[in-house]
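Participant: Compact mmCIF, N, CA and C atoms, saved as upload07.txt, coming up:
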# COMPACT_ATOMS: atom_id res chain seq x y z
N MET K 294 207.01 172.35 56.60
CA MET K 294 206.83 173.79 56.61
C MET K 294 207.56 174.42 55.43
N ILE K 295 208.77 173.97 55.17
CA ILE K 295 209.53 174.51 54.05
C ILE K 295 208.83 174.18 52.74
N LYS K 296 208.27 173.02 52.65
CA LYS K 296 207.56 172.63 51.44
C LYS K 296 206.36 173.54 51.18
N ASP K 297 205.66 173.93 52.24
CA ASP K 297 204.51 174.81 52.10
C ASP K 297 204.91 176.18 51.56
N ILE K 298 206.07 176.68 51.99
CA ILE K 298 206.54 177.99 51.51
C ILE K 298 206.88 177.89 50.03
N ARG K 299 207.51 176.82 49.62
CA ARG K 299 207.85 176.65 48.21
C ARG K 299 206.58 176.55 47.36
N ASP K 300 205.59 175.84 47.85
CA ASP K 300 204.35 175.71 47.10
C ASP K 300 203.65 177.06 46.94
N SER K 301 203.66 177.88 47.98
CA SER K 301 203.00 179.17 47.87
C SER K 301 203.77 180.12 46.96
N SER K 302 205.11 180.01 46.95
CA SER K 302 205.88 180.89 46.07
C SER K 302 205.71 180.48 44.61
N ASP K 303 205.48 179.19 44.35
CA ASP K 303 205.25 178.74 42.98
C ASP K 303 203.94 179.29 42.44
N GLN K 304 202.98 179.50 43.32
CA GLN K 304 201.69 179.99 42.86
C GLN K 304 201.75 181.47 42.48
N THR K 305 202.68 182.22 43.06
CA THR K 305 202.77 183.64 42.75
C THR K 305 203.57 183.91 41.48
N LYS K 306 204.38 182.96 41.04
CA LYS K 306 205.17 183.15 39.82
C LYS K 306 204.25 183.04 38.60
N PRO K 307 204.47 183.91 37.62
CA PRO K 307 203.68 183.76 36.39
C PRO K 307 204.14 182.55 35.60
N ARG K 308 203.21 181.80 35.14
CA ARG K 308 203.55 180.61 34.36
C ARG K 308 203.62 180.96 32.89
N LEU K 309 204.51 180.30 32.20
CA LEU K 309 204.62 180.51 30.77
C LEU K 309 203.44 179.86 30.07
N ASN K 310 202.92 180.55 29.12
CA ASN K 310 201.79 180.03 28.37
C ASN K 310 202.32 179.11 27.27
N ARG K 311 202.32 177.86 27.52
CA ARG K 311 202.86 176.90 26.55
C ARG K 311 201.95 176.72 25.36
N SER K 312 200.67 177.00 25.52
CA SER K 312 199.76 176.83 24.40
C SER K 312 200.03 177.86 23.30
N SER K 313 200.52 179.05 23.67
CA SER K 313 200.84 180.04 22.64
C SER K 313 202.05 179.59 21.82
N ARG K 314 202.98 178.91 22.45
CA ARG K 314 204.12 178.36 21.70
C ARG K 314 203.65 177.27 20.73
N ASN K 315 202.74 176.44 21.19
CA ASN K 315 202.23 175.38 20.33
C ASN K 315 201.43 175.96 19.17
N LEU K 316 200.71 177.05 19.43
CA LEU K 316 199.94 177.68 18.35
C LEU K 316 200.87 178.24 17.29
N ALA K 317 201.99 178.82 17.72
CA ALA K 317 202.95 179.34 16.73
C ALA K 317 203.54 178.20 15.92
N GLY K 318 203.82 177.10 16.55
CA GLY K 318 204.34 175.94 15.82
C GLY K 318 203.31 175.36 14.87
N LYS K 319 202.05 175.33 15.31
CA LYS K 319 200.98 174.84 14.44
C LYS K 319 200.75 175.78 13.26
N GLY K 320 200.90 177.07 13.51
CA GLY K 320 200.73 178.04 12.43
C GLY K 320 201.81 177.88 11.38
N ARG K 321 203.03 177.67 11.82
CA ARG K 321 204.12 177.46 10.87
C ARG K 321 203.94 176.16 10.09
N THR K 322 203.42 175.16 10.76
CA THR K 322 203.15 173.90 10.08
C THR K 322 202.06 174.08 9.04
N ALA K 323 201.04 174.86 9.37
CA ALA K 323 199.95 175.12 8.43
C ALA K 323 200.46 175.87 7.21
N VAL K 324 201.37 176.82 7.42
CA VAL K 324 201.93 177.57 6.29
C VAL K 324 202.75 176.65 5.40
N ALA K 325 203.54 175.77 6.02
CA ALA K 325 204.35 174.82 5.23
C ALA K 325 203.46 173.87 4.44
N GLN K 326 202.37 173.42 5.06
CA GLN K 326 201.46 172.52 4.35
C GLN K 326 200.75 173.25 3.21
N ALA K 327 200.38 174.50 3.42
CA ALA K 327 199.73 175.27 2.37
C ALA K 327 200.68 175.50 1.20
N ARG K 328 201.95 175.77 1.50
CA ARG K 328 202.94 175.93 0.44
C ARG K 328 203.09 174.64 -0.36
N LEU K 329 203.10 173.52 0.32
CA LEU K 329 203.25 172.23 -0.36
C LEU K 329 202.04 171.94 -1.25
N ILE K 330 200.84 172.24 -0.75
CA ILE K 330 199.63 172.01 -1.54
C ILE K 330 199.62 172.92 -2.77
N LEU K 331 200.01 174.20 -2.59
CA LEU K 331 200.07 175.10 -3.73
C LEU K 331 201.08 174.64 -4.77
N LEU K 332 202.23 174.15 -4.30
CA LEU K 332 203.23 173.63 -5.23
C LEU K 332 202.70 172.43 -6.00
N ALA K 333 201.97 171.57 -5.33
CA ALA K 333 201.39 170.41 -6.02
C ALA K 333 200.36 170.84 -7.06
N MET K 334 199.54 171.84 -6.71
CA MET K 334 198.53 172.32 -7.67
C MET K 334 199.19 172.97 -8.87
N ILE K 335 200.23 173.75 -8.64
CA ILE K 335 200.94 174.38 -9.75
C ILE K 335 201.62 173.32 -10.61
N ASN K 336 202.14 172.29 -9.98
CA ASN K 336 202.78 171.20 -10.73
C ASN K 336 201.77 170.50 -11.64
N VAL K 337 200.57 170.26 -11.15
CA VAL K 337 199.53 169.63 -11.97
C VAL K 337 199.15 170.55 -13.14
N ALA K 338 199.03 171.86 -12.84
CA ALA K 338 198.70 172.81 -13.92
C ALA K 338 199.81 172.85 -14.96
N GLN K 339 201.05 172.79 -14.51
CA GLN K 339 202.16 172.83 -15.45
C GLN K 339 202.23 171.55 -16.29
N LEU K 340 201.89 170.42 -15.71
CA LEU K 340 201.83 169.18 -16.49
C LEU K 340 200.72 169.24 -17.53
N TRP K 341 199.59 169.85 -17.18
CA TRP K 341 198.50 170.01 -18.12
C TRP K 341 198.92 170.91 -19.28
N VAL K 342 199.62 172.01 -18.96
CA VAL K 342 200.12 172.92 -20.00
C VAL K 342 201.13 172.20 -20.89
N LEU K 343 201.97 171.38 -20.29
CA LEU K 343 202.96 170.63 -21.07
C LEU K 343 202.27 169.65 -22.03
N ALA K 344 201.24 168.97 -21.55
CA ALA K 344 200.51 168.04 -22.41
C ALA K 344 199.84 168.79 -23.57
N ALA K 345 199.28 169.96 -23.28
CA ALA K 345 198.66 170.75 -24.34
C ALA K 345 199.70 171.26 -25.33
N THR K 346 200.90 171.58 -24.85
CA THR K 346 201.98 172.04 -25.72
C THR K 346 202.44 170.93 -26.65
N VAL K 347 202.61 169.74 -26.12
CA VAL K 347 203.03 168.61 -26.95
C VAL K 347 201.95 168.28 -27.98
N GLU K 348 200.70 168.32 -27.55
CA GLU K 348 199.60 168.04 -28.48
C GLU K 348 199.55 169.09 -29.61
N ALA K 349 199.75 170.35 -29.26
CA ALA K 349 199.73 171.41 -30.27
C ALA K 349 200.92 171.29 -31.23
N ALA K 350 202.06 170.90 -30.70
CA ALA K 350 203.24 170.74 -31.56
C ALA K 350 203.08 169.56 -32.50
N LEU K 351 202.53 168.47 -32.00
CA LEU K 351 202.33 167.30 -32.86
C LEU K 351 201.26 167.55 -33.92
N ALA K 352 200.28 168.39 -33.61
CA ALA K 352 199.24 168.72 -34.59
C ALA K 352 199.67 169.86 -35.52
N GLN K 353 200.86 170.35 -35.30
CA GLN K 353 201.45 171.44 -36.09
C GLN K 353 200.61 172.72 -36.00
N ARG K 354 200.06 172.98 -34.83
CA ARG K 354 199.37 174.25 -34.56
C ARG K 354 200.35 175.15 -33.80
N PHE K 355 201.26 175.74 -34.52
CA PHE K 355 202.34 176.50 -33.90
C PHE K 355 201.87 177.82 -33.33
N SER K 356 200.73 178.30 -33.73
CA SER K 356 200.22 179.56 -33.18
C SER K 356 199.80 179.40 -31.71
N ALA K 357 199.51 178.18 -31.29
CA ALA K 357 199.11 177.94 -29.90
C ALA K 357 200.31 177.73 -28.98
N LEU K 358 201.49 177.61 -29.54
CA LEU K 358 202.65 177.30 -28.71
C LEU K 358 203.09 178.48 -27.85
N LEU K 359 203.06 179.69 -28.38
CA LEU K 359 203.53 180.84 -27.62
C LEU K 359 202.73 181.07 -26.34
N PRO K 360 201.39 181.07 -26.36
CA PRO K 360 200.65 181.24 -25.10
C PRO K 360 200.91 180.10 -24.11
N LEU K 361 201.09 178.90 -24.61
CA LEU K 361 201.34 177.77 -23.72
C LEU K 361 202.72 177.86 -23.08
N VAL K 362 203.70 178.31 -23.83
CA VAL K 362 205.05 178.48 -23.27
C VAL K 362 205.05 179.60 -22.23
N ILE K 363 204.31 180.68 -22.50
CA ILE K 363 204.19 181.77 -21.53
C ILE K 363 203.50 181.28 -20.25
N ALA K 364 202.44 180.49 -20.39
CA ALA K 364 201.74 179.95 -19.21
C ALA K 364 202.65 179.04 -18.40
N SER K 365 203.46 178.24 -19.08
CA SER K 365 204.40 177.37 -18.38
C SER K 365 205.45 178.19 -17.65
N GLY K 366 205.91 179.26 -18.27
CA GLY K 366 206.88 180.14 -17.61
C GLY K 366 206.30 180.81 -16.38
N ILE K 367 205.03 181.22 -16.46
CA ILE K 367 204.37 181.83 -15.30
C ILE K 367 204.25 180.83 -14.16
N CYS K 368 203.89 179.59 -14.49
CA CYS K 368 203.82 178.54 -13.46
C CYS K 368 205.19 178.32 -12.81
N PHE K 369 206.23 178.35 -13.62
CA PHE K 369 207.59 178.15 -13.10
C PHE K 369 207.98 179.29 -12.16
N VAL K 370 207.68 180.52 -12.54
CA VAL K 370 208.03 181.68 -11.70
C VAL K 370 207.25 181.65 -10.39
N VAL K 371 205.97 181.31 -10.46
CA VAL K 371 205.16 181.24 -9.24
C VAL K 371 205.68 180.14 -8.31
N SER K 372 206.07 179.01 -8.85
CA SER K 372 206.60 177.94 -8.00
C SER K 372 207.93 178.35 -7.38
N LEU K 373 208.76 179.08 -8.11
CA LEU K 373 210.01 179.57 -7.52
C LEU K 373 209.75 180.55 -6.38
N THR K 374 208.76 181.43 -6.56
CA THR K 374 208.45 182.36 -5.47
C THR K 374 207.90 181.63 -4.26
N LEU K 375 207.13 180.58 -4.47
CA LEU K 375 206.65 179.79 -3.34
C LEU K 375 207.79 179.13 -2.59
N ILE K 376 208.77 178.66 -3.32
CA ILE K 376 209.88 177.95 -2.68
C ILE K 376 210.81 178.92 -1.94
N PHE K 377 211.14 180.05 -2.56
CA PHE K 377 212.18 180.89 -2.00
C PHE K 377 211.71 182.08 -1.19
N TRP K 378 210.54 182.66 -1.48
CA TRP K 378 210.20 183.91 -0.82
C TRP K 378 209.01 183.85 0.11
N TRP K 379 208.08 182.98 -0.04
CA TRP K 379 206.91 182.95 0.83
C TRP K 379 207.22 182.12 2.04
N ARG K 380 207.58 182.77 3.10
CA ARG K 380 207.91 182.08 4.35
C ARG K 380 207.14 182.73 5.49
N PRO K 381 206.90 181.99 6.56
CA PRO K 381 206.20 182.60 7.69
C PRO K 381 207.07 183.69 8.32
N ALA K 382 206.44 184.73 8.80
CA ALA K 382 207.17 185.83 9.44
C ALA K 382 207.76 185.34 10.75
N SER K 383 208.95 185.82 11.04
CA SER K 383 209.56 185.46 12.32
C SER K 383 208.91 186.27 13.43
N ARG K 384 209.19 185.91 14.62
CA ARG K 384 208.59 186.61 15.75
C ARG K 384 209.27 187.96 15.97
N ARG K 385 210.50 188.07 15.54
CA ARG K 385 211.28 189.25 15.87
C ARG K 385 211.25 190.31 14.77
N PHE K 386 211.14 189.90 13.54
CA PHE K 386 211.19 190.84 12.43
C PHE K 386 209.81 191.01 11.81
N THR K 387 209.53 192.21 11.37
CA THR K 387 208.29 192.46 10.66
C THR K 387 208.51 192.16 9.18
N SER K 388 207.47 192.29 8.40
CA SER K 388 207.59 192.00 6.98
C SER K 388 208.47 193.01 6.26
N SER K 389 208.58 194.23 6.83
CA SER K 389 209.43 195.24 6.20
C SER K 389 210.88 195.15 6.67
N GLY K 390 211.17 194.27 7.62
CA GLY K 390 212.55 194.07 8.05
C GLY K 390 212.93 194.78 9.34
N TYR K 391 212.01 195.59 9.90
CA TYR K 391 212.33 196.31 11.13
C TYR K 391 212.12 195.41 12.33
N LEU K 392 212.90 195.65 13.38
CA LEU K 392 212.77 194.87 14.59
C LEU K 392 211.53 195.29 15.37
N LYS K 393 210.83 194.31 15.93
CA LYS K 393 209.72 194.61 16.84
C LYS K 393 210.29 194.93 18.20
N ARG K 394 209.62 195.79 18.91
CA ARG K 394 210.09 196.14 20.27
C ARG K 394 209.26 195.46 21.31
Would you write the structure of this file as structure tokens?

Facilitator:
Amino acid sequence: MIKDIRDSSDQTKPRLNRSSRNLAGKGRTAVAQARLILLAMINVAQLWVLAATVEAALAQRFSALLPLVIASGICFVVSLTLIFWWRPASRRFTSSGYLKR
């Protein structure tokens, strides 16, 4: 009889939705994987720019060096922003820094 009362009280309690927790974890994993893929793509682009810079320097085409150095710097800045600033939003804070209620 006591067991029956416990079973009925368990049915009235709201259950936690565990799938929503898993979705948040999967979303954060997806963001981390996207950041890694973007970093790899930027790294490949930067290697291509480096190869073009070395080729231009060896061919003594110094007029092409300035745009290539600027492109390499842009790749470097974008990769730094990916590493340090692009992070998934927390559950508690908004993007502007205010607390959610």

Participant: As an exercise, work out the distance from atom C of Leu361 in chain K to CA of Ala327 in chain K in Å and give it to one decimal place.

Facilitator: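 These atoms are spaced 25.8 Å apart.
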
Participant: Please, what distance in Å, to one decimal, runs between CA of Arg321 in chain K and CA of Asn336 in chain K?

Facilitator: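 Here the two named atoms are 22.5 Å from each other.
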
Participant: What's the separation between atom N of Gln353 in chain K and CA of Trp341 in chain K, in Å to one decimal place?

Facilitator: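 Computing the Euclidean distance for atom N of Gln353 in chain K and CA of Trp341 in chain K yields 17.3 Å.
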
Participant: Box for range 351-361 of chain K: with edges along x, y and z, all listed atoms inside and 5 Å added on each side, what are the centre and edge lengths in Å to one decimal, as AutoDock Vina command-line options?

Facilitator:
--center_x 201.3 --center_y 174.3 --center_z -29.6 --size_x 14.4 --size_y 23.9 --size_z 23.0

Participant: With distances taken over all atoms listed in the file, which of K:Val337, K:Val324, K:Leu329, K:Leu343 is nearest to Ser365 in chain K?

Facilitator: K:Leu343

Participant: Restricting the calculation to only C-alpha atoms: of K:Leu375, K:Val370, K:Ala352, K:Ala364, which residue gets closest to Gln339 in chain K?

Facilitator: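 That would be K:Ala364, the residue with the smallest distance to Gln339 in chain K.
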